[in-house]
Each structure stands twice: as structure tokens, then as C-alpha cells.
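For reference, the structure discussed in these notes is given below.
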Amino acid sequence: MRVIGLMSGTSYDAIDAAAAELRLAGDSVVLKPLGMMSQAYDDELRETLAAALPPGATSAAEMCRLDTRIGQAFAAAAVRADRELCDGRAELVASHGQTVYHWAASGQVHGTLQLGQPAWIAEATGLPVVADFRPRDIAAGGQGAPLVSLVDLLWLRGRPGTPVALNLGGIANLTAPDGTAFDTGPGCALIDAAARGFSGGRLAYDVDGALAARGEVHQVLLDRLLAEPYYALPAPRTTGKELFHVGYLREALAGLGTLSAEDVVATLTLLTARTVADAVRAQGATEVIASGGGTRNPVLMRELGRLLPGVALRTSDELGLPSAAKEAYAFAVLGFLTVHGLPGTAPASTGARNARVLGSLTPGRDGFRLPPPARERPVRLVLE
């Protein structure tokens with residue numbers, strides 16, 4: 001089955017599309033990557049989305065407009081991916097959508113909201129769409145994140161030592177071989193907020209870690225940030241820009257006088273490296289396989305390597321999955337599992353009572369032609 005996975009993360013800069021040929025073979029899911037592409041949000045949509053995210057205020061009318069416009073943007077990306085990556089022969093779209101709110105309080109998640117109405121994708125492509133992956137896990141008592149943990153567990157099974165999968169997106173998360181999975185804290189979220197704020201919107205992120213490389217760590221600011229109670233919560237735990245946003249950074253900077261952009265970004269980069277490294281060490285990891293936009297920040301990756309001596313640090317590209325689109329590939333796999341009637345969660349990773357089949361289905365032009373339910377639950381992911 002040819003599946004297109006669509007994903008826009010907490011950095012909300014672009015829609016990533018990854019196409020894969022997927023099949024079941026005994027106890028394995030076999031994935032053949034067909035390629036990836038990225039389609040940036042237009043400036044107006046990105047600015048409207050940014051204004052609606054915490055700590056900004058919004059309205060039902062604005063949410064409706066965003067749901068439609070994001071759905072149309074995802075639809076355009078799916079059409080392009082089908083044409084350019086699948087020769088017009090895709091059979092299914094799996095869309096994560098755009099997270100705008102993850103309702104977490106006192107260590108429990110009560111709800112989540114991803115925008116990007118899947119009907120627009122189905123209408124534009126003619127294909128059935130699996131979307132709304134997270135709510136079912138939350139309804140079953142889980143955190144609804146990190147959902148890619150199941151794919152990580154299947155993919156890393158059998159590797160020697162104790163490999164840990166790490167995603168360095170706006171929020172960083174990891175998955176350990178025993179199923180432990182959680183958001184470690186901010187990946188690039190606070191770094192991006194600082195780069196955007198200090199540049200007046202000219203920079204969306206710290207390009208090539210240039211700001212951090214020129215700065216010096218401000219120890220008082222770092223100590224304030226490391227005192228965040230979230231880091232002491234037990235796994236599974238999840239967070240988002242509901243906590244780690246520009247207002248959070250402003251509060252941390254209060255009373256510290258005038259700090260340079262370079263020093264603030266250098267401090268935030270070390271914050272991410274420290275909190276990730278602490279989480280990795282707690283798992284006894286011998287290997288970290290990283291993906292996400294943060295892997296393109298050489299200062300962040302260098303700091304991670306320095307804080308994790310003796311731990312092999314590599315990117316998912318080295319194992320055959322492009323780090324820029326690993327999450328999009330993961331959701332392609334989750335959508336594939338859904339239409340085969342297979343669970344898409346690992347309860348040890350999300351804290352759910354049981355594994356659940358995820359998502360809602362939107363019919364394509366010809367309705368639903370679902371494959372027969374799978375007889376065997378896969379235990380590994382094999383790349384072809």
C-alpha cells in the first residue's frame with residue numbers, strides 16, 4: 001500500500017510529506033521510503049497561526065478559519081506528494097494535522113486539538129484519510145504523545161545495547177527500548193522564540209546555531225530555567241507550547257537586565273542539551289538516534305555530544321530514515337496500521353490502559369475499500 005504521511009510539528013513552519021510503500025510480512029511492517037518533500041506555510045497563515053497559539057487569545061471563528069486554511073494547505077501538500085512521490089498512485093493519506101493545544105494539567109492530559117480538516121485532503125486527492133490520531137489514546141487514559149514511540153520501538157528492536165530514539169522538534173521527546181517514552185522538554189521551541197523575538201521576526205530559528213555560537217551561557221538564567229517543575233515529573237509525561245512559549249521566556253528574563261540575543265540563545269541551547277542529556281542518561285542509553293529540525297543545529301548537537309560522553313550520537317539518516325521527515329514517515333505507518341485494524345500505541349509509552357487502534361477515517365472519492373484486518377500484530381519495522 002502506498003501511503004502519504006503528513007506532519008507539521010510544534011515549530012509550525014512547514015508541512016512535511018513522506019511517501020512510503022508499506023506491507024505486512026509475518027511479524028514485520030516493511031517500509032520502502034519513496035521520498036519526502038516540504039511545503040512551507042504561507043506567511044499570512046503562519047502569522048495567523050502563531051497569534052492563535054498560547055499565550056495568545058483566539059476565538060471560535062478564528063479556529064474555524066484556521067481549521068479550513070490548514071486543511072487546504074495539507075490538501076495541497078498531499079496532492080503534490082501523490083504526484084511527485086507516488087506517480088499519482090497513492091492509496092491512503094495519514095495526516096497528523098497541526099497541534100494548536102494539548103490540554104495537560106497535573107501530569108494528566110485531558111484533551112488535544114489538531115487542526116487541518118481532513119475532508120479537504122480527501123476532496124483534493126480522492127483518497128481516504130486517517131486523521132485525529134491522538135484523542136483515542138487520551139480517551140484510554142494516555143498522554144496522547146509521543147505517538148511515534150510505537151514506530152520507534154518497532155524500528156529499533158534488535159539493535160545492540162540500549163538505543164534511544166530522540167526527536168528534536170519544537171518539543172523534544174525520546175523513546176527507550178523498554179517502552180519508556182516522554183517529552184523531555186523544549187527542543188527548539190524556546191530557541192526559536194528567542195531568535196524570532198530578538199530579530200523582530202526576521203529569523204524563524206537560529207540558523208546553523210550562529211547566534212548560540214557567538215554567545216555565552218548566562219548562568220542565572222539557566223538556573224531559573226532548569227528549576228522548571230516539569231522536568232521532575234515522572235514518565236510518561238508530555239508538554240508543548242502551552243508551557244514553553246515566548247511568555248514563559250519573558251518571565252524567566254524578568255529582572256536580569258539587558259541580555260544579548262546571542263547570550264540568551266546560547267543559554268537556551270544548553271538548556272535543551274542539558275534536559276535531553278539528563279533524560280538520556282536516566283535510560284542508561286548506549287546510543288542516541290536523533291531526528292527532527294534540531295539535528296541541523298551544530299551547536300546543539302555538539303553540546304549533546306559533550307554532555308553524553310561514551311554514548312554514540314547519530315541521526316536517523318544513518319539508519320535509512322531521513323531525519324527531516326521521520327515523523328511524517330511514522331504517521332504513514334500509524335495510518336497503515338489503522339486501516340489494517342492494528343493498534344498504533346504502546347501503553348508503556350503513553351500511559352494508556354491498553355493499546356488502541358487510532359484515528360478517524362474520512363472516505364475518499366470511492367468510499368472505503370479497507371484491507372482485511374491483519375491476523376498478526378507486527379513486532380518490528382524493517383526498511384527496504
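Chains: A, B, ... in order of the C-alpha cells. Residues: from 1 per chain. Ligands: from 1, in order shown.
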
Residues of region 102-230 of chain A in alpha helix (DSSP H) according to DSSP, as an NGL selection string?
:A and (118-125 or 134-139 or 149-156 or 189-198 or 210-214 or 219-226)

Run DSSP on the backbone and tell me which residues of region 4-250 of chain A come out as strand (DSSP E); list them as a VMD selection string.
chain A and resid 4 to 8 14 to 25 28 to 40 92 to 105 108 to 115 129 to 131 163 to 168 171 to 175 181 to 186

Please identify all polymer residues within 9 Å of region 285-287 of chain A, counting only C-alpha atoms, omitting same-chain residues fewer than 2 positions from it, and present them as a PDB file with all heavy atoms, in the first residue's frame.
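Resulting contents of out.pdb:
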```pdb
ATOM      1  N   PRO A 160      21.805  -3.570  19.061  1.00  0.00           N
ATOM      2  CA  PRO A 160      22.600  -3.907  20.248  1.00  0.00           C
ATOM      3  C   PRO A 160      22.577  -2.782  21.284  1.00  0.00           C
ATOM      4  O   PRO A 160      22.326  -1.615  20.963  1.00  0.00           O
ATOM      5  CB  PRO A 160      24.010  -4.106  19.678  1.00  0.00           C
ATOM      6  CG  PRO A 160      24.025  -3.310  18.410  1.00  0.00           C
ATOM      7  CD  PRO A 160      22.640  -3.397  17.857  1.00  0.00           C
ATOM      8  N   GLY A 161      22.858  -3.140  22.516  1.00  0.00           N
ATOM      9  CA  GLY A 161      22.933  -2.156  23.585  1.00  0.00           C
ATOM     10  C   GLY A 161      21.571  -1.602  23.946  1.00  0.00           C
ATOM     11  O   GLY A 161      20.545  -2.294  23.860  1.00  0.00           O
ATOM     12  N   THR A 162      21.557  -0.338  24.342  1.00  0.00           N
ATOM     13  CA  THR A 162      20.321   0.338  24.737  1.00  0.00           C
ATOM     14  C   THR A 162      20.140   1.565  23.867  1.00  0.00           C
ATOM     15  O   THR A 162      20.540   2.680  24.227  1.00  0.00           O
ATOM     16  CB  THR A 162      20.376   0.735  26.227  1.00  0.00           C
ATOM     17  OG1 THR A 162      20.690  -0.411  27.018  1.00  0.00           O
ATOM     18  CG2 THR A 162      19.033   1.302  26.687  1.00  0.00           C
ATOM     19  N   PRO A 163      19.551   1.390  22.675  1.00  0.00           N
ATOM     20  CA  PRO A 163      19.360   2.538  21.784  1.00  0.00           C
ATOM     21  C   PRO A 163      18.157   3.373  22.212  1.00  0.00           C
ATOM     22  O   PRO A 163      17.137   2.842  22.641  1.00  0.00           O
ATOM     23  CB  PRO A 163      19.117   1.882  20.423  1.00  0.00           C
ATOM     24  CG  PRO A 163      18.458   0.574  20.762  1.00  0.00           C
ATOM     25  CD  PRO A 163      19.060   0.138  22.083  1.00  0.00           C
ATOM     26  N   VAL A 164      18.285   4.681  22.103  1.00  0.00           N
ATOM     27  CA  VAL A 164      17.210   5.608  22.412  1.00  0.00           C
ATOM     28  C   VAL A 164      16.927   6.439  21.174  1.00  0.00           C
ATOM     29  O   VAL A 164      17.846   6.962  20.543  1.00  0.00           O
ATOM     30  CB  VAL A 164      17.588   6.522  23.599  1.00  0.00           C
ATOM     31  CG1 VAL A 164      16.642   7.707  23.702  1.00  0.00           C
ATOM     32  CG2 VAL A 164      17.568   5.744  24.905  1.00  0.00           C
ATOM     33  N   ALA A 165      15.656   6.546  20.795  1.00  0.00           N
ATOM     34  CA  ALA A 165      15.253   7.409  19.690  1.00  0.00           C
ATOM     35  C   ALA A 165      14.925   8.785  20.249  1.00  0.00           C
ATOM     36  O   ALA A 165      14.187   8.911  21.222  1.00  0.00           O
ATOM     37  CB  ALA A 165      14.047   6.826  18.966  1.00  0.00           C
ATOM     38  N   ALA A 176      12.713   4.805  24.729  1.00  0.00           N
ATOM     39  CA  ALA A 176      13.709   3.821  25.151  1.00  0.00           C
ATOM     40  C   ALA A 176      13.215   2.411  24.825  1.00  0.00           C
ATOM     41  O   ALA A 176      12.011   2.197  24.634  1.00  0.00           O
ATOM     42  CB  ALA A 176      13.986   3.962  26.648  1.00  0.00           C
ATOM     43  N   VAL A 280      18.380  11.128  28.677  1.00  0.00           N
ATOM     44  CA  VAL A 280      19.064  10.019  28.010  1.00  0.00           C
ATOM     45  C   VAL A 280      19.866   9.201  29.021  1.00  0.00           C
ATOM     46  O   VAL A 280      19.826   7.960  29.021  1.00  0.00           O
ATOM     47  CB  VAL A 280      19.972  10.561  26.888  1.00  0.00           C
ATOM     48  CG1 VAL A 280      20.916   9.466  26.377  1.00  0.00           C
ATOM     49  CG2 VAL A 280      19.129  11.104  25.735  1.00  0.00           C
ATOM     50  N   ARG A 281      20.598   9.884  29.895  1.00  0.00           N
ATOM     51  CA  ARG A 281      21.398   9.167  30.895  1.00  0.00           C
ATOM     52  C   ARG A 281      20.511   8.342  31.832  1.00  0.00           C
ATOM     53  O   ARG A 281      20.879   7.236  32.234  1.00  0.00           O
ATOM     54  CB  ARG A 281      22.229  10.165  31.708  1.00  0.00           C
ATOM     55  CG  ARG A 281      23.505  10.615  31.014  1.00  0.00           C
ATOM     56  CD  ARG A 281      24.433  11.310  31.998  1.00  0.00           C
ATOM     57  NE  ARG A 281      23.797  12.510  32.550  1.00  0.00           N
ATOM     58  CZ  ARG A 281      23.888  13.717  32.006  1.00  0.00           C
ATOM     59  NH1 ARG A 281      24.600  13.885  30.896  1.00  0.00           N
ATOM     60  NH2 ARG A 281      23.302  14.755  32.572  1.00  0.00           N
ATOM     61  N   ALA A 282      19.347   8.876  32.163  1.00  0.00           N
ATOM     62  CA  ALA A 282      18.439   8.154  33.064  1.00  0.00           C
ATOM     63  C   ALA A 282      17.965   6.836  32.462  1.00  0.00           C
ATOM     64  O   ALA A 282      17.560   5.927  33.197  1.00  0.00           O
ATOM     65  CB  ALA A 282      17.236   9.035  33.407  1.00  0.00           C
ATOM     66  N   GLN A 283      18.015   6.721  31.136  1.00  0.00           N
ATOM     67  CA  GLN A 283      17.608   5.484  30.477  1.00  0.00           C
ATOM     68  C   GLN A 283      18.775   4.508  30.289  1.00  0.00           C
ATOM     69  O   GLN A 283      18.593   3.421  29.747  1.00  0.00           O
ATOM     70  CB  GLN A 283      16.979   5.798  29.097  1.00  0.00           C
ATOM     71  CG  GLN A 283      15.790   6.735  29.143  1.00  0.00           C
ATOM     72  CD  GLN A 283      14.715   6.256  30.090  1.00  0.00           C
ATOM     73  OE1 GLN A 283      14.337   5.074  30.062  1.00  0.00           O
ATOM     74  NE2 GLN A 283      14.219   7.138  30.943  1.00  0.00           N
ATOM     75  N   ILE A 289      19.697   7.942  18.594  1.00  0.00           N
ATOM     76  CA  ILE A 289      19.409   8.119  17.171  1.00  0.00           C
ATOM     77  C   ILE A 289      18.451   9.294  17.066  1.00  0.00           C
ATOM     78  O   ILE A 289      17.278   9.205  17.429  1.00  0.00           O
ATOM     79  CB  ILE A 289      18.803   6.846  16.570  1.00  0.00           C
ATOM     80  CG1 ILE A 289      19.780   5.679  16.747  1.00  0.00           C
ATOM     81  CG2 ILE A 289      18.496   7.049  15.088  1.00  0.00           C
ATOM     82  CD1 ILE A 289      19.159   4.320  16.567  1.00  0.00           C
ATOM     83  N   GLY A 310      30.786   8.862  25.648  1.00  0.00           N
ATOM     84  CA  GLY A 310      30.660   7.413  25.606  1.00  0.00           C
ATOM     85  C   GLY A 310      29.360   6.912  25.012  1.00  0.00           C
ATOM     86  O   GLY A 310      29.174   5.699  24.846  1.00  0.00           O
ATOM     87  N   VAL A 311      28.444   7.834  24.699  1.00  0.00           N
ATOM     88  CA  VAL A 311      27.173   7.445  24.072  1.00  0.00           C
ATOM     89  C   VAL A 311      27.245   7.802  22.590  1.00  0.00           C
ATOM     90  O   VAL A 311      27.507   8.962  22.238  1.00  0.00           O
ATOM     91  CB  VAL A 311      25.979   8.172  24.729  1.00  0.00           C
ATOM     92  CG1 VAL A 311      24.678   7.794  24.036  1.00  0.00           C
ATOM     93  CG2 VAL A 311      25.903   7.852  26.215  1.00  0.00           C
ATOM     94  N   ALA A 312      27.028   6.831  21.719  1.00  0.00           N
ATOM     95  CA  ALA A 312      27.054   7.089  20.282  1.00  0.00           C
ATOM     96  C   ALA A 312      25.884   8.000  19.914  1.00  0.00           C
ATOM     97  O   ALA A 312      24.742   7.719  20.270  1.00  0.00           O
ATOM     98  CB  ALA A 312      26.969   5.782  19.510  1.00  0.00           C
ATOM     99  N   LEU A 313      26.176   9.100  19.222  1.00  0.00           N
ATOM    100  CA  LEU A 313      25.150  10.051  18.803  1.00  0.00           C
ATOM    101  C   LEU A 313      25.126  10.099  17.292  1.00  0.00           C
ATOM    102  O   LEU A 313      26.096  10.503  16.657  1.00  0.00           O
ATOM    103  CB  LEU A 313      25.451  11.436  19.391  1.00  0.00           C
ATOM    104  CG  LEU A 313      24.523  12.587  18.989  1.00  0.00           C
ATOM    105  CD1 LEU A 313      23.085  12.307  19.424  1.00  0.00           C
ATOM    106  CD2 LEU A 313      25.013  13.903  19.592  1.00  0.00           C
ATOM    107  N   ARG A 314      24.019   9.655  16.711  1.00  0.00           N
ATOM    108  CA  ARG A 314      23.895   9.671  15.255  1.00  0.00           C
ATOM    109  C   ARG A 314      22.490  10.109  14.885  1.00  0.00           C
ATOM    110  O   ARG A 314      21.603  10.185  15.724  1.00  0.00           O
ATOM    111  CB  ARG A 314      24.211   8.300  14.675  1.00  0.00           C
ATOM    112  CG  ARG A 314      23.452   7.136  15.303  1.00  0.00           C
ATOM    113  CD  ARG A 314      23.806   5.810  14.616  1.00  0.00           C
ATOM    114  NE  ARG A 314      25.213   5.583  14.514  1.00  0.00           N
ATOM    115  CZ  ARG A 314      25.932   4.900  15.392  1.00  0.00           C
ATOM    116  NH1 ARG A 314      25.336   4.374  16.473  1.00  0.00           N
ATOM    117  NH2 ARG A 314      27.202   4.707  15.231  1.00  0.00           N
TER     118      ARG A 314
END
```

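Using only C-alpha atoms for every distance, the candidate list A:Leu225, A:Ala279, A:Ala204, A:Leu153 yields A:Ala279 as the residue closest to Asn173 (chain A).
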
Have a look at CA of Thr184 (chain A) and CA of Arg214 (chain A) and let me know their distance in Å, one decimal.
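The value is 25.9 Å.
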
Which distance in Å separates CA of Leu31 (chain A) and CA of Met1 (chain A), to one decimal?
9.9 Å

Sort by chain and increasing residue number a table of all residues of region 145-178 of chain A within 8 Å of region 292-301 of chain A, each with its closest pair of atoms and their distance in Å to one decimal, counting only C-alpha atoms, and write it as JSON lines.
```
{"residue": "A:Asn167", "atom": "CA", "partner": "A:Gly292", "partner_atom": "CA", "distance": 5.4}
{"residue": "A:Leu168", "atom": "CA", "partner": "A:Gly292", "partner_atom": "CA", "distance": 4.8}
{"residue": "A:Gly169", "atom": "CA", "partner": "A:Gly292", "partner_atom": "CA", "distance": 5.1}
```

In Å, rounded to a single decimal, give me how far CA of Tyr329 (chain A) is from CA of Pro378 (chain A).
16.7 Å

Long-range neighbours of region 274-278 of chain A as number ranges by chain, 9 Å cut-off, only C-alpha atoms, 5 positions minimum in chain
A: 166, 172-174, 184-187, 226, 231, 269, 283, 303-305, 307-308

Between A:Arg250, A:Val357, A:Leu270, A:Leu243, which is the closest to Gln219 (chain A) once you count only C-alpha atoms?
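The shortest atom-to-atom distance to Gln219 (chain A) comes from A:Leu270.
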
Residues within 8 Å of Pro55 (chain A), only C-alpha atoms, excluding chain neighbours under 6 positions, as a ChimeraX atom specification
/A:242,245-247

Let me see the file: selected residues, C-alpha atoms, as an mmCIF file, in the first residue's frame.
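Output saved as part.cif:
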```
data_model
loop_
_atom_site.group_PDB
_atom_site.id
_atom_site.type_symbol
_atom_site.label_atom_id
_atom_site.label_comp_id
_atom_site.auth_asym_id
_atom_site.auth_seq_id
_atom_site.Cartn_x
_atom_site.Cartn_y
_atom_site.Cartn_z
ATOM 1 C CA GLU A 242 1.174 25.707 26.141
ATOM 2 C CA HIS A 245 6.301 29.788 24.742
ATOM 3 C CA VAL A 246 7.561 33.351 24.375
ATOM 4 C CA GLY A 247 5.708 34.495 27.506
#
```
